[in-house]
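Engineer: After the structure tokens below, expect a handful of questions from me.
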Amino acid sequence: MHDTTLHARIVHFPSLVRCTLTLLVLSVAGVLTPLSASAAELMAGAAKVDITNRDVPLVNDPLYVKALVIKEGDNTAAIVTVDAVAIGEIGSITNEYLDNVRGQIEKDLKIKPQNIMINASHCHGIVCNDVEQRTVQAIKEAAKKLVPVKVGVGTGHEDRVMENRRLFLKNGKEADVRHAYSLPPDEEVAGIGPIDPEIGILKLDTLDGETVAVVYNFACHPIQGVPNKGNTADMSGLASQVIEDNLSKDTIALFVQGCGGDINPVQYKDVDNPRDAEVLGNMLALSALKAIRKIQCTDDSGLKVINETLTLPRSNNEKRIAELKQEQEQLLNSLQGTSLNLKTFLPLIVKYKLYEESPSYYSHRYMLEQKLGRDGLKKLDAENRANMERYINNIYKMEKMSRNKANLRLLTKHQTRNQAAGKTIDVEVVAFKLGDFRMITFPAELTVNIGLNIKQKSPFENTFVAGYTNGYNYYAPTADQLKNVGNAQEDSDCLFAPEWQAIFEAKAHELIQQLK
């Protein structure tokens, strides 16, 4: 009996060992569900640091750098937003800023440089001199706050705060609405371009329902300004503050600028009311909050970041520059002499618009002249009308010359740069996915049609596009818009040849397909 029992134990011991070893191997490999779920747990933390330059006459509201650090298993990414005009090139943020921040974060936090996305809101606020150090500080503080989170995605709608600034003219050309020059006459305008009213939203909640961060993507130049003319983060910064004030105590709202290259704040050229970004920011914030409150966060995450360098052709506008200079000469030579100046023109135009039949005197004098067979007043009126027409035509021609001059300066600057740099330019494109949220970035001022095209072609519902990210390469208009070079800022303040659009949109579609 004793021998049989001993034999049974000896026979079954190897089986027990094999089973134990199998379980151990599976556990180490991360195959078993409980350990796998723990290893891939989604963590996030957010922080913001004040970057306002206070060495200015007046500060209206603070500017911030905000950081969202996301970690899933061994994969870590950071989304950083800056209340500034651009990441390098223009404004006070240097061209070395991006590499320096990434390098320091890689050294201190071991986050891959290609997984760090930094987006400028494109507000024209003035940031502090040590913005680079404060950006590093914000990312580090966000990393210290990592907590388990759930993910939610949604969209909002806002179409009251912006307008497309491109004007389609009856002569086939396009102009744009800027403070740098006068607009074409109303009677020459045939139509306007589109807007993108979609607000793309990524929401991250703790496991007990507190909102850690909200990322919201929207397309509009935040350049409205405030009545006191003080330093401001403009409508996007003011909107973010409203969102933060109406969610959880420590929520960070990160505004990611979309394809706002040709999108202005609404009524941008209003001269009858103070320019007030707070009104527009409040509307944007309320529309975003309305959508945020409907978003349900889940455990469905899946963090993925793809970073690629895309080679694009540089423009060569030598011929267009010569044509524009010739056009300027023709406009100058077409100016006509007139006896009027501003002092005499203004009262005349008022009289002749108000009283077309009898502008020079009361009607009874015209009746008397007619009865006596005289026409002195009628001839005076004809002379005055001819002089006024020449004066108005001169004004329109000079206004066109001012538009041409501004855009010719931009064309010449970029032509000089492109000729010295070669035929191509490398840009960084990032594809980002978290849950059902997908975003493509580009380091330039994308015009709105680019974003609309990419969204329409995407197989995924919640696909968004961000310009102004990881660098700055001026405007990136469509190939059709680049047929208009010299007549609008977007088309003149551009480094790219028209072929860039097809190359980028194809790459964007390819990367989106990989964000499954």
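As shown in the structure tokens, the chain order sets the letters A, B, ...; within each chain, residues go from 1, and ligands are also counted from 1 in the order they appear.
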Quick one: residues within 9 Å of Leu289 of chain A, only C-alpha atoms, excluding same-chain residues fewer than 5 positions away - as a list in words?

Structural biologist: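 Near neighbours after the sequence-gap exclusion: Gly156, Val242, Ile243, Asn246, Leu247, Leu284 and Lys294 of chain A.
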
Engineer: Just the selected residues (C-alpha atoms), exported as a compact mmCIF listing (two decimals), in the first residue's frame, please.

Structural biologist:
# COMPACT_ATOMS: atom_id res chain seq x y z
CA GLY A 156 -19.01 69.85 -30.76
CA VAL A 242 -14.09 78.85 -19.07
CA ILE A 243 -13.89 75.11 -19.77
CA ASN A 246 -16.78 74.46 -15.34
CA LEU A 247 -15.31 70.94 -15.05
CA LEU A 284 -16.53 78.56 -28.19
CA LYS A 294 -22.21 64.17 -23.38

Engineer: Name the residues in contact with segment 504-510 of chain A at a cut-off of 12 Å, using only C-alpha atoms, excluding same-chain residues fewer than 6 positions from it; report them as a short mmCIF file (atom, residue, chain, number, x, y, z; two decimals) with C-alpha atoms, in the first residue's frame.

Structural biologist:
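Writing done, so here's out-v1.cif:
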data_model
loop_
_atom_site.label_atom_id
_atom_site.label_comp_id
_atom_site.auth_asym_id
_atom_site.auth_seq_id
_atom_site.Cartn_x
_atom_site.Cartn_y
_atom_site.Cartn_z
CA ILE A 306 3.61 57.62 -35.63
CA ASN A 307 6.15 60.30 -36.51
CA GLU A 308 7.45 60.68 -40.05
CA THR A 309 9.51 63.20 -41.99
CA LEU A 310 7.91 64.26 -45.24
CA THR A 311 9.89 65.82 -48.09
CA LEU A 312 7.96 68.53 -49.95
CA PRO A 313 8.84 70.66 -52.99
CA ASP A 426 11.53 68.43 -44.82
CA VAL A 427 8.59 68.68 -42.44
CA GLU A 428 7.51 66.58 -39.48
CA VAL A 429 4.12 64.88 -39.62
CA VAL A 430 2.62 63.12 -36.61
CA ALA A 431 -0.27 60.67 -36.47
CA PHE A 432 -1.74 60.25 -32.99
CA ARG A 438 -7.23 60.29 -34.19
CA MET A 439 -5.23 63.34 -35.16
CA ILE A 440 -2.81 64.29 -37.93
CA THR A 441 -0.42 67.22 -37.41
CA PHE A 442 1.54 69.52 -39.72
CA PRO A 443 4.05 72.31 -38.95
CA ALA A 444 2.43 75.16 -40.89
CA LEU A 446 -2.97 74.79 -43.03
CA ASN A 449 -9.93 72.96 -47.09
CA ILE A 450 -6.94 70.74 -46.22
CA GLY A 451 -8.53 69.68 -42.94
CA LEU A 452 -11.94 69.18 -44.53
CA ASN A 453 -10.41 66.98 -47.24
CA ILE A 454 -8.53 64.76 -44.76
CA LYS A 455 -11.53 64.35 -42.49
CA GLN A 456 -13.83 63.48 -45.38
CA LYS A 457 -11.48 60.80 -46.68
CA SER A 458 -10.75 59.21 -43.31
CA PRO A 459 -12.43 55.83 -42.65
CA PHE A 460 -12.72 56.80 -38.97
CA THR A 463 -10.44 62.20 -37.20
CA PHE A 464 -9.01 65.66 -36.63
CA VAL A 465 -6.21 67.77 -38.12
CA ALA A 466 -3.83 70.19 -36.38
CA ALA A 476 0.19 75.92 -46.41
CA PRO A 477 -2.63 76.76 -48.86
CA THR A 478 -4.20 74.40 -51.37
CA ALA A 479 -2.86 73.89 -54.88
CA PHE A 496 5.68 75.19 -50.72
CA ALA A 497 5.07 74.45 -54.38
CA PRO A 498 1.45 73.53 -55.31
CA LYS A 516 -6.46 51.14 -36.31
#

Engineer: Between atom CA of Gln328 of chain A and atom CA of Lys405 of chain A, what is the distance, to one decimal in Å?

Structural biologist: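 Straight-line distance from atom CA of Gln328 of chain A to atom CA of Lys405 of chain A works out to 8.0 Å.
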
Engineer: What are the DSSP strand (DSSP E) residues of segment 209-287 of chain A, as a list in words?

Structural biologist: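 Of segment 209-287 of chain A, the ones in strand (DSSP E) are Thr211, Val212, Ala213, Val214, Val215, Tyr216, Asn217, Phe218, Ile252, Ala253, Leu254, Phe255, Val256, Gln257, Ile263, Asn264 and Pro265 of chain A.
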
Engineer: Put those residues in a file: all heavy atoms, as a short mmCIF file (atom, residue, chain, number, x, y, z; two decimals), in the first residue's frame.

Structural biologist:
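selection_20.cif was written with the following content:
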data_model
loop_
_atom_site.label_atom_id
_atom_site.label_comp_id
_atom_site.auth_asym_id
_atom_site.auth_seq_id
_atom_site.Cartn_x
_atom_site.Cartn_y
_atom_site.Cartn_z
N THR A 211 -12.46 64.71 -14.21
CA THR A 211 -11.82 64.99 -15.50
C THR A 211 -10.40 65.51 -15.31
O THR A 211 -10.20 66.57 -14.70
CB THR A 211 -12.64 66.00 -16.31
OG1 THR A 211 -13.96 65.47 -16.52
CG2 THR A 211 -12.00 66.27 -17.66
N VAL A 212 -9.44 64.76 -15.82
CA VAL A 212 -8.03 65.15 -15.75
C VAL A 212 -7.72 66.21 -16.80
O VAL A 212 -7.11 67.25 -16.51
CB VAL A 212 -7.11 63.93 -15.95
CG1 VAL A 212 -5.65 64.36 -16.06
CG2 VAL A 212 -7.30 62.94 -14.83
N ALA A 213 -8.16 65.95 -18.02
CA ALA A 213 -7.82 66.86 -19.12
C ALA A 213 -8.84 66.75 -20.24
O ALA A 213 -9.47 65.70 -20.43
CB ALA A 213 -6.42 66.58 -19.65
N VAL A 214 -8.96 67.85 -20.96
CA VAL A 214 -9.74 67.90 -22.19
C VAL A 214 -8.86 68.50 -23.27
O VAL A 214 -8.29 69.58 -23.09
CB VAL A 214 -11.01 68.75 -22.01
CG1 VAL A 214 -11.66 69.03 -23.36
CG2 VAL A 214 -12.00 68.07 -21.08
N VAL A 215 -8.72 67.79 -24.38
CA VAL A 215 -8.04 68.33 -25.56
C VAL A 215 -9.11 68.68 -26.57
O VAL A 215 -9.94 67.83 -26.92
CB VAL A 215 -7.06 67.30 -26.16
CG1 VAL A 215 -6.41 67.85 -27.42
CG2 VAL A 215 -6.00 66.90 -25.14
N TYR A 216 -9.14 69.94 -27.02
CA TYR A 216 -10.15 70.29 -28.02
C TYR A 216 -9.50 71.00 -29.21
O TYR A 216 -8.69 71.89 -29.06
CB TYR A 216 -11.29 71.10 -27.41
CG TYR A 216 -10.97 72.49 -26.91
CD1 TYR A 216 -11.49 73.62 -27.55
CD2 TYR A 216 -10.17 72.71 -25.78
CE1 TYR A 216 -11.23 74.90 -27.10
CE2 TYR A 216 -9.90 73.98 -25.32
CZ TYR A 216 -10.43 75.08 -25.98
OH TYR A 216 -10.16 76.35 -25.52
N ASN A 217 -9.87 70.53 -30.39
CA ASN A 217 -9.28 70.95 -31.66
C ASN A 217 -10.30 71.79 -32.43
O ASN A 217 -11.44 71.38 -32.62
CB ASN A 217 -8.88 69.69 -32.45
CG ASN A 217 -8.50 69.96 -33.89
OD1 ASN A 217 -9.20 69.55 -34.81
ND2 ASN A 217 -7.41 70.64 -34.12
N PHE A 218 -9.86 72.99 -32.86
CA PHE A 218 -10.79 73.91 -33.54
C PHE A 218 -9.97 74.79 -34.47
O PHE A 218 -8.80 75.08 -34.20
CB PHE A 218 -11.52 74.76 -32.51
CG PHE A 218 -12.62 75.61 -33.08
CD1 PHE A 218 -13.79 75.04 -33.57
CD2 PHE A 218 -12.49 76.99 -33.10
CE1 PHE A 218 -14.81 75.83 -34.08
CE2 PHE A 218 -13.50 77.80 -33.61
CZ PHE A 218 -14.67 77.21 -34.10
N ILE A 252 -7.37 70.35 -16.82
CA ILE A 252 -6.58 71.17 -17.74
C ILE A 252 -7.22 71.07 -19.13
O ILE A 252 -7.44 69.97 -19.64
CB ILE A 252 -5.12 70.70 -17.82
CG1 ILE A 252 -4.47 70.72 -16.44
CG2 ILE A 252 -4.33 71.55 -18.80
CD1 ILE A 252 -4.33 72.09 -15.82
N ALA A 253 -7.55 72.23 -19.71
CA ALA A 253 -8.11 72.27 -21.06
C ALA A 253 -7.03 72.71 -22.03
O ALA A 253 -6.47 73.81 -21.90
CB ALA A 253 -9.29 73.22 -21.12
N LEU A 254 -6.72 71.85 -22.99
CA LEU A 254 -5.66 72.12 -23.97
C LEU A 254 -6.28 72.41 -25.34
O LEU A 254 -6.89 71.53 -25.96
CB LEU A 254 -4.70 70.93 -24.08
CG LEU A 254 -3.93 70.54 -22.80
CD1 LEU A 254 -4.69 69.44 -22.06
CD2 LEU A 254 -2.53 70.06 -23.14
N PHE A 255 -6.13 73.64 -25.81
CA PHE A 255 -6.61 74.02 -27.13
C PHE A 255 -5.57 73.66 -28.18
O PHE A 255 -4.42 74.09 -28.09
CB PHE A 255 -6.90 75.52 -27.19
CG PHE A 255 -7.23 76.02 -28.57
CD1 PHE A 255 -8.51 75.89 -29.08
CD2 PHE A 255 -6.26 76.61 -29.37
CE1 PHE A 255 -8.82 76.34 -30.36
CE2 PHE A 255 -6.55 77.06 -30.66
CZ PHE A 255 -7.84 76.93 -31.14
N VAL A 256 -5.98 72.86 -29.17
CA VAL A 256 -5.10 72.48 -30.27
C VAL A 256 -5.61 73.15 -31.54
O VAL A 256 -6.70 72.85 -32.02
CB VAL A 256 -5.04 70.95 -30.44
CG1 VAL A 256 -4.24 70.58 -31.68
CG2 VAL A 256 -4.43 70.30 -29.21
N GLN A 257 -4.79 74.06 -32.07
CA GLN A 257 -5.20 74.79 -33.26
C GLN A 257 -5.30 73.87 -34.46
O GLN A 257 -4.44 73.04 -34.70
CB GLN A 257 -4.19 75.90 -33.55
CG GLN A 257 -4.51 76.76 -34.76
CD GLN A 257 -5.82 77.50 -34.65
OE1 GLN A 257 -6.82 77.09 -35.25
NE2 GLN A 257 -5.84 78.57 -33.87
N ILE A 263 -8.91 81.30 -41.69
CA ILE A 263 -10.10 81.51 -40.88
C ILE A 263 -9.85 82.63 -39.87
O ILE A 263 -8.99 82.52 -39.01
CB ILE A 263 -10.52 80.22 -40.14
CG1 ILE A 263 -10.70 79.06 -41.13
CG2 ILE A 263 -11.80 80.45 -39.34
CD1 ILE A 263 -11.80 79.28 -42.16
N ASN A 264 -10.61 83.70 -39.98
CA ASN A 264 -10.51 84.84 -39.09
C ASN A 264 -11.61 84.79 -38.02
O ASN A 264 -12.64 84.14 -38.22
CB ASN A 264 -10.72 86.15 -39.88
CG ASN A 264 -9.43 86.70 -40.44
OD1 ASN A 264 -8.34 86.25 -40.12
ND2 ASN A 264 -9.55 87.69 -41.31
N PRO A 265 -11.43 85.52 -36.92
CA PRO A 265 -12.56 85.77 -36.03
C PRO A 265 -13.66 86.51 -36.81
O PRO A 265 -13.36 87.27 -37.74
CB PRO A 265 -11.98 86.66 -34.92
CG PRO A 265 -10.51 86.47 -35.00
CD PRO A 265 -10.20 86.17 -36.44
#

Engineer: Check the DSSP output for the backbone and give back, as an MDAnalysis selection string, the residues of segment 224-438 of chain A in alpha helix (DSSP H).

Structural biologist: chainID A and resid 234:245 277:292 318:333 342:354 363:372 376:421
